[in-house]
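In what follows, a structure is listed as structure tokens, so that the remarks can point back to it.
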Amino acid sequence: KRQGETASVDAIVIGAGFSGLYMLYRLREAGLSTRVYETADGVGGVWYWNRYPGARCDSESICYNYTFSEELYNEWSWSSRYPEQPEILKYLNFVADKFDLRPDINFSTRVTSASYDEGSKRWLIQTDQGDQITAKYFITGVGCISTANVPNIKGLDNFDGDWYHTGHWPHEKVDFTGKRVGVIGTGSSGIQSIPVIAKEAKHLTVFQRTPQFSVPAKNYQYTQEFLQKSKENYHGMRHLMRNSVAGMAMYYGERSVLEDTPEERRKVLEAAWEKGGWAILFAYNDLLVNEEGNKLVAEFVRSKIREIVKDPETADKLVPDHYYGTKRAIIDTNYFETYNRENVRLVDVKKAPIEEITSKGIRTSEGEFELDAIVFATGFDGMTGSLFKIDIKGKNGVSLKEKWENGAKTKTYLGLTTAGFPNLFMLTGPESPSVLGNMPAAIEQHVEWVIDCINHLCQNEVEVFEAKPEAEEKWSQHCRDLADATLYTKTESWYTGANIEGKARGFQIYVGGYDGYRKICDEIASKGYEGFSLVSKSSAKN
Ligand code: NA7
């Protein structure tokens, strides 16, 4: 344990993932003294922790990076269409080294509390290492899908074997050779890890609560020629990432699903299936708002699942009944094919719920499954989970948790700020659009908006910057209205908080696209930060 310190800086940032690293870079550039705190002993954020077999990002590699530096863009080369976790972690380490970011990061340190002092107009941050630091600006880069959810299943402590959560995977290789493994959960993490674990383990039992739509990723190695071309197109790529709906090279089709004849539709969807990745989700312009159209596309994907899975009973269990794309759409490599293996069995725990974990394995209402290892691919307490792990207190000692829970709804202004918490910025916060696209693109926009704002505050000697309650009320309502017009809110998912027992439900994402969001943020800034109160030493400008 290192010696805790008492210090005073301009800005404190939590997290050394994509958000925290870039925020630090820009704060430093702006001449602000900055301290970053990171729980892990290295950079990487979620890519530090999610080391499970098959872990991969499903944004295409050439967009899954920063674009703020052309030099950086040119110096880094991805190996394949979808980057694997070790490669992404290597990239973030490369960034940290290139810009010499580590001296301002305190690793192996968890921020336990942050409270705003109205007298000094500063944040006081405390850590588990005994640090007590004050700062004018407090910025969270804690991620919005980063707090692992291990469901509270009776008996886990009695299990004789080993258990793991995908989002907290050990650093040393876990060897499943010769073992009977159980995986609980079939979201992105389960669907990525199941085919890899099945190849290694003696036997794999998948405990599925809700079947998921997944389409082939169609991953492939990049060629030198392709990489060269994408580097030459740096400015085009940067423009696209900053001005597109999801921060990557995907565009919605021009037609409604219903405009095509069944034959045309089949052709479009077959071509999209072959292309892989997000092609089906983007094939039409109204998939997420048109119930009838969505059903047709969902039916197409169901037919593909039935074609792949040889045992009709297993196929029946694997076919989802929700709207396509309303639970986080998933892309995979040989997921459904894995159920054709002799050593893989699927258990439907919606029909026969898990009752208990015993010393030998998992007992459902239909019997006991003996296991040597259990993998929880059970996801995250999304959007608010990581913020709530820190005791954040704003004005009048009111905590963020109190403000957003206890029956009250999450309320933010632009997903970046919240009334009652002056000079706090939440990168990729709830009610921002970040989780509905390519995160690094969302993060660059957030960081750049925040740094422009901070520069404005410094230039105008503003001491207190705070969202007005009526502005956040309007923003939150706007987010809900947009979401309610889509099919997202008609499905239970981690987007709605439904995956966490006892969590208040609410769809806390801006669905108007990265491009629409950027315009709104820029407009608000250009109007002198409309909807915020800016209080300077000498005057009060509202
Ligand atoms: P997800 O997508 O939240 O998936 C978690 C899975 O675990 C999902 O199938 C859940 O079923 C299942 N689950 C959760 N709790 C339980 C219990 N108690 N019993 C049985 N099954 C359970 O998490 P991922 O890690 O796969 O992906 C998270 C995001 O990271 C992903 O969307 C990408 O954006 C990156 P459910 O569907 O809730 O019935």
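Chain lettering (A, B, ...) mirrors the order of the structure tokens, residue numbering begins at 1 for each chain separately, and ligand numbering begins at 1 in order of display.
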
May I have the residues within 9 Å of A:Arg81 as a PyMOL selection string, using only C-alpha atoms and disregarding those fewer than 4 positions away in the same chain? chain A and resi 58-62+217-222

Could you list, as an NGL selection string, all the residues within 8 Å of ligand 1, counting only C-alpha atoms and all ligand atoms? :A and (57 or 145 or 149-153 or 166-167 or 184-191 or 207-212 or 327-330 or 349-350 or 353-354 or 376-380 or 435 or 492-494 or 498-500)

Selection to disk with C-alpha atoms, as a compact mmCIF listing (two decimals), in the first residue's frame:
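To be explicit, this is the file written out as part-v4.txt:
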# COMPACT_ATOMS: atom_id res chain seq x y z
CA CYS A 57 -14.95 -5.80 -29.79
CA ILE A 145 -20.97 -1.29 -18.79
CA ASN A 149 -23.20 -8.41 -12.16
CA VAL A 150 -22.83 -11.70 -10.31
CA PRO A 151 -26.39 -12.77 -9.63
CA ASN A 152 -27.25 -13.62 -6.09
CA ILE A 153 -27.82 -17.36 -6.53
CA THR A 166 -16.37 -12.71 -17.82
CA GLY A 167 -15.90 -9.07 -16.88
CA ILE A 184 -24.62 -18.81 -17.34
CA GLY A 185 -25.74 -16.08 -19.73
CA THR A 186 -26.03 -15.62 -23.46
CA GLY A 187 -25.37 -11.94 -24.08
CA SER A 188 -22.34 -10.71 -26.06
CA SER A 189 -19.87 -12.13 -23.54
CA GLY A 190 -21.53 -15.56 -23.38
CA ILE A 191 -21.95 -15.74 -27.14
CA PHE A 207 -27.65 -22.03 -18.95
CA GLN A 208 -29.77 -19.69 -21.06
CA ARG A 209 -32.40 -17.37 -19.61
CA THR A 210 -33.29 -15.40 -22.74
CA PRO A 211 -32.30 -16.54 -26.22
CA GLN A 212 -30.54 -13.88 -28.26
CA LYS A 327 -31.69 -6.22 -26.77
CA ARG A 328 -28.11 -5.34 -27.68
CA ALA A 329 -27.58 -6.88 -31.15
CA ILE A 330 -24.81 -9.45 -31.12
CA VAL A 349 -33.43 -21.73 -17.21
CA LYS A 350 -36.46 -19.62 -17.92
CA PRO A 353 -34.97 -21.91 -13.20
CA ILE A 354 -31.67 -22.26 -11.39
CA PHE A 376 -20.89 -16.09 -15.15
CA ALA A 377 -21.47 -14.29 -18.42
CA THR A 378 -24.20 -12.41 -16.61
CA GLY A 379 -23.35 -8.90 -17.68
CA PHE A 380 -23.13 -5.61 -15.88
CA VAL A 435 -23.64 2.72 -25.84
CA GLU A 492 -36.39 -6.14 -21.29
CA SER A 493 -32.63 -5.70 -21.45
CA TRP A 494 -29.66 -4.18 -19.65
CA ALA A 498 -34.15 -5.23 -16.27
CA ASN A 499 -31.09 -7.49 -15.88
CA ILE A 500 -30.41 -6.33 -12.32

Can you measure atom CA of A:His235 to atom CA of A:Lys98 for me? One decimal in Å is fine. 21.0 Å

Minimum-distance residue to A:Glu200, chosen among A:Val301, A:Val174, A:Ala148, A:Ala40 (using only C-alpha atoms):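 Nearest candidate to A:Glu200 out of A:Val301, A:Val174, A:Ala148, A:Ala40: A:Val174.
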
Please provide the set of residues having any atom within 12 Å of A:Gly143, restricted to only C-alpha atoms, with same-chain residues fewer than 5 positions apart removed, written as a PyMOL selection string. chain A and resi 14-20+38+44-47+148+380-389+426-430+434-435+439-440+442-443

Pull the strand (DSSP E) assignments for stretch 63-163 of chain A out of DSSP run on the backbone, and list those residues as a VMD selection string. chain A and resid 105 to 106 111 to 117 122 to 127 132 to 140 162 to 163

Create the file for the chosen residues now, containing N, CA and C atoms and written as a short mmCIF file (atom, residue, chain, number, x, y, z; two decimals), in the first residue's frame.
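Printed below is part_13.cif as written:
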data_model
loop_
_atom_site.label_atom_id
_atom_site.label_comp_id
_atom_site.auth_asym_id
_atom_site.auth_seq_id
_atom_site.Cartn_x
_atom_site.Cartn_y
_atom_site.Cartn_z
N ILE A 105 -1.22 9.16 -13.59
CA ILE A 105 -2.25 8.17 -13.22
C ILE A 105 -1.81 7.44 -11.95
N ASN A 106 -2.68 7.40 -10.97
CA ASN A 106 -2.43 6.58 -9.79
C ASN A 106 -3.16 5.26 -9.96
N VAL A 111 -11.34 5.26 -6.08
CA VAL A 111 -11.95 6.45 -5.47
C VAL A 111 -13.18 5.97 -4.72
N THR A 112 -13.22 6.24 -3.45
CA THR A 112 -14.34 5.76 -2.65
C THR A 112 -15.44 6.81 -2.52
N SER A 113 -15.03 8.09 -2.41
CA SER A 113 -16.06 9.13 -2.30
C SER A 113 -15.60 10.42 -2.95
N ALA A 114 -16.58 11.21 -3.31
CA ALA A 114 -16.31 12.53 -3.90
C ALA A 114 -17.42 13.45 -3.43
N SER A 115 -17.05 14.52 -2.75
CA SER A 115 -18.12 15.41 -2.29
C SER A 115 -17.80 16.85 -2.62
N TYR A 116 -18.85 17.56 -2.98
CA TYR A 116 -18.69 18.96 -3.40
C TYR A 116 -18.84 19.86 -2.20
N ASP A 117 -17.85 20.70 -2.01
CA ASP A 117 -17.90 21.64 -0.89
C ASP A 117 -18.33 23.02 -1.41
N ARG A 122 -15.09 23.39 -4.34
CA ARG A 122 -14.18 22.35 -4.85
C ARG A 122 -14.69 20.98 -4.46
N TRP A 123 -14.23 20.01 -5.23
CA TRP A 123 -14.56 18.62 -4.94
C TRP A 123 -13.47 18.03 -4.03
N LEU A 124 -13.89 17.26 -3.05
CA LEU A 124 -12.94 16.53 -2.21
C LEU A 124 -13.07 15.05 -2.55
N ILE A 125 -11.96 14.50 -2.98
CA ILE A 125 -11.98 13.09 -3.41
C ILE A 125 -11.18 12.26 -2.41
N GLN A 126 -11.73 11.12 -2.02
CA GLN A 126 -11.02 10.23 -1.11
C GLN A 126 -10.84 8.88 -1.78
N THR A 127 -9.69 8.27 -1.51
CA THR A 127 -9.43 6.97 -2.14
C THR A 127 -9.19 5.89 -1.09
N GLN A 132 -6.45 12.24 -0.07
CA GLN A 132 -7.49 13.27 0.11
C GLN A 132 -7.11 14.40 -0.82
N ILE A 133 -7.77 14.47 -1.95
CA ILE A 133 -7.38 15.44 -2.96
C ILE A 133 -8.54 16.36 -3.24
N THR A 134 -8.26 17.64 -3.39
CA THR A 134 -9.33 18.54 -3.81
C THR A 134 -9.07 18.98 -5.25
N ALA A 135 -10.18 19.24 -5.95
CA ALA A 135 -10.07 19.65 -7.35
C ALA A 135 -11.25 20.53 -7.71
N LYS A 136 -11.03 21.40 -8.70
CA LYS A 136 -12.14 22.23 -9.16
C LYS A 136 -13.09 21.39 -10.01
N TYR A 137 -12.50 20.56 -10.86
CA TYR A 137 -13.34 19.75 -11.77
C TYR A 137 -13.22 18.28 -11.41
N PHE A 138 -14.35 17.62 -11.46
CA PHE A 138 -14.40 16.19 -11.16
C PHE A 138 -15.02 15.49 -12.37
N ILE A 139 -14.26 14.60 -12.98
CA ILE A 139 -14.70 13.99 -14.25
C ILE A 139 -14.67 12.48 -14.12
N THR A 140 -15.80 11.85 -14.40
CA THR A 140 -15.83 10.39 -14.29
C THR A 140 -15.70 9.75 -15.68
N ASP A 162 -14.16 -23.97 -9.52
CA ASP A 162 -13.79 -22.56 -9.65
C ASP A 162 -14.91 -21.81 -10.36
N TRP A 163 -15.07 -20.54 -10.05
CA TRP A 163 -16.03 -19.74 -10.80
C TRP A 163 -15.42 -18.40 -11.22
#

May I have all residues of stretch 41-70 of chain A that DSSP, computed from the backbone, assigns to helix (DSSP H, G or I), given as a PyMOL selection string? chain A and resi 46-49+61-63+70

Write the selection just made, keeping N, CA and C atoms, as a compact mmCIF listing (two decimals), in the first residue's frame?
# COMPACT_ATOMS: atom_id res chain seq x y z
N VAL A 46 -12.40 -1.31 -19.39
CA VAL A 46 -13.07 -2.61 -19.56
C VAL A 46 -12.17 -3.62 -20.27
N TRP A 47 -11.24 -3.12 -21.07
CA TRP A 47 -10.36 -4.05 -21.81
C TRP A 47 -9.24 -4.57 -20.94
N TYR A 48 -9.08 -4.00 -19.77
CA TYR A 48 -8.17 -4.56 -18.78
C TYR A 48 -8.83 -5.76 -18.10
N TRP A 49 -10.15 -5.64 -17.87
CA TRP A 49 -10.84 -6.65 -17.06
C TRP A 49 -11.47 -7.78 -17.89
N SER A 61 -12.32 -2.67 -36.35
CA SER A 61 -11.06 -2.16 -35.81
C SER A 61 -10.68 -0.78 -36.31
N ILE A 62 -10.79 -0.56 -37.61
CA ILE A 62 -10.28 0.72 -38.13
C ILE A 62 -11.00 1.93 -37.55
N CYS A 63 -12.17 1.68 -36.94
CA CYS A 63 -12.87 2.79 -36.26
C CYS A 63 -12.72 2.68 -34.75
N GLU A 70 -3.37 12.28 -35.94
CA GLU A 70 -3.10 11.58 -37.20
C GLU A 70 -1.86 10.70 -37.06

What does the distance between atom CA of A:Leu258 and atom CA of A:Asp481 come to in Å, to one decimal place?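 Between atom CA of A:Leu258 and atom CA of A:Asp481 the gap is 24.2 Å.
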
If we count only C-alpha atoms, what is near stretch 509-515 of chain A at a cut-off of 7 Å, once residues fewer than 5 positions away on the same chain are taken out, given as a PDB file with C-alpha atoms, in the first residue's frame?
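Written out: part_26.pdb:
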ATOM      1  CA  ASN A 243     -20.606  12.830 -38.300  1.00  0.00           C
ATOM      2  CA  SER A 244     -22.376   9.514 -38.508  1.00  0.00           C
ATOM      3  CA  VAL A 245     -25.235   8.038 -36.579  1.00  0.00           C
ATOM      4  CA  ALA A 246     -23.160   5.448 -34.704  1.00  0.00           C
ATOM      5  CA  GLY A 247     -19.583   6.696 -35.073  1.00  0.00           C
ATOM      6  CA  PRO A 430     -26.628   7.881 -18.745  1.00  0.00           C
ATOM      7  CA  GLU A 431     -28.814   9.694 -21.319  1.00  0.00           C
ATOM      8  CA  SER A 432     -25.879  10.129 -23.664  1.00  0.00           C
ATOM      9  CA  PRO A 433     -25.934   8.066 -26.872  1.00  0.00           C
ATOM     10  CA  ALA A 442     -18.637   8.916 -28.562  1.00  0.00           C
ATOM     11  CA  CYS A 479     -34.592  11.111 -24.149  1.00  0.00           C
ATOM     12  CA  LEU A 482     -37.376   9.489 -28.347  1.00  0.00           C
ATOM     13  CA  ALA A 483     -36.921   6.051 -26.791  1.00  0.00           C
TER      14      ALA A 483
END

Long-range neighbours of A:Ala373 as a PyMOL selection string, 9 Å cut-off, only C-alpha atoms, 2 positions minimum in chain: chain A and resi 159-164+176+179-183+361+371+375

Just the residues within 9 Å of stretch 304-316 of chain A, please, counting only C-alpha atoms, with nothing from its chain fewer than 3 positions along; format it as a list in words.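 Everything that qualifies: Phe213, Ser214, Val215, Glu299, Phe300, Val301, Val319, Pro320, Phe336, Glu337, Thr338, Tyr339, Asn340, Arg345, Leu346 and Val347 of chain A.
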
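Atom to atom, atom CA of A:Lys395 and atom CA of A:Arg26 stand 27.4 Å apart.
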
Looking at only C-alpha atoms, which of A:Asn396, A:Asn65, A:Thr147, A:Asn158 is the one that sits closest to A:Arg238? A:Asn65

Restricting the calculation to only C-alpha atoms: of A:Ser79, A:Asn285, A:Gln192, A:Thr67, which residue gets closest to A:Tyr251?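 Result for the nearest residue to A:Tyr251: A:Asn285.
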
Would you mind listing what lies within 10 Å of A:Pro103 as a PyMOL selection string, with only C-alpha atoms counted and same-chain residues fewer than 5 positions away left out? chain A and resi 35-36+96

Any chance you can output those residues with N, CA and C atoms as a PDB file, in the first residue's frame?
ATOM      1  N   ARG A  35      -5.081  14.697 -11.974  1.00  0.00           N
ATOM      2  CA  ARG A  35      -4.750  13.419 -11.367  1.00  0.00           C
ATOM      3  C   ARG A  35      -5.811  12.415 -11.811  1.00  0.00           C
ATOM      4  N   VAL A  36      -5.345  11.267 -12.320  1.00  0.00           N
ATOM      5  CA  VAL A  36      -6.267  10.200 -12.712  1.00  0.00           C
ATOM      6  C   VAL A  36      -6.147   9.067 -11.695  1.00  0.00           C
ATOM      7  N   ALA A  96      -0.910   5.229 -24.028  1.00  0.00           N
ATOM      8  CA  ALA A  96      -0.417   5.746 -22.742  1.00  0.00           C
ATOM      9  C   ALA A  96       1.087   6.010 -22.815  1.00  0.00           C
TER      10      ALA A  96
END
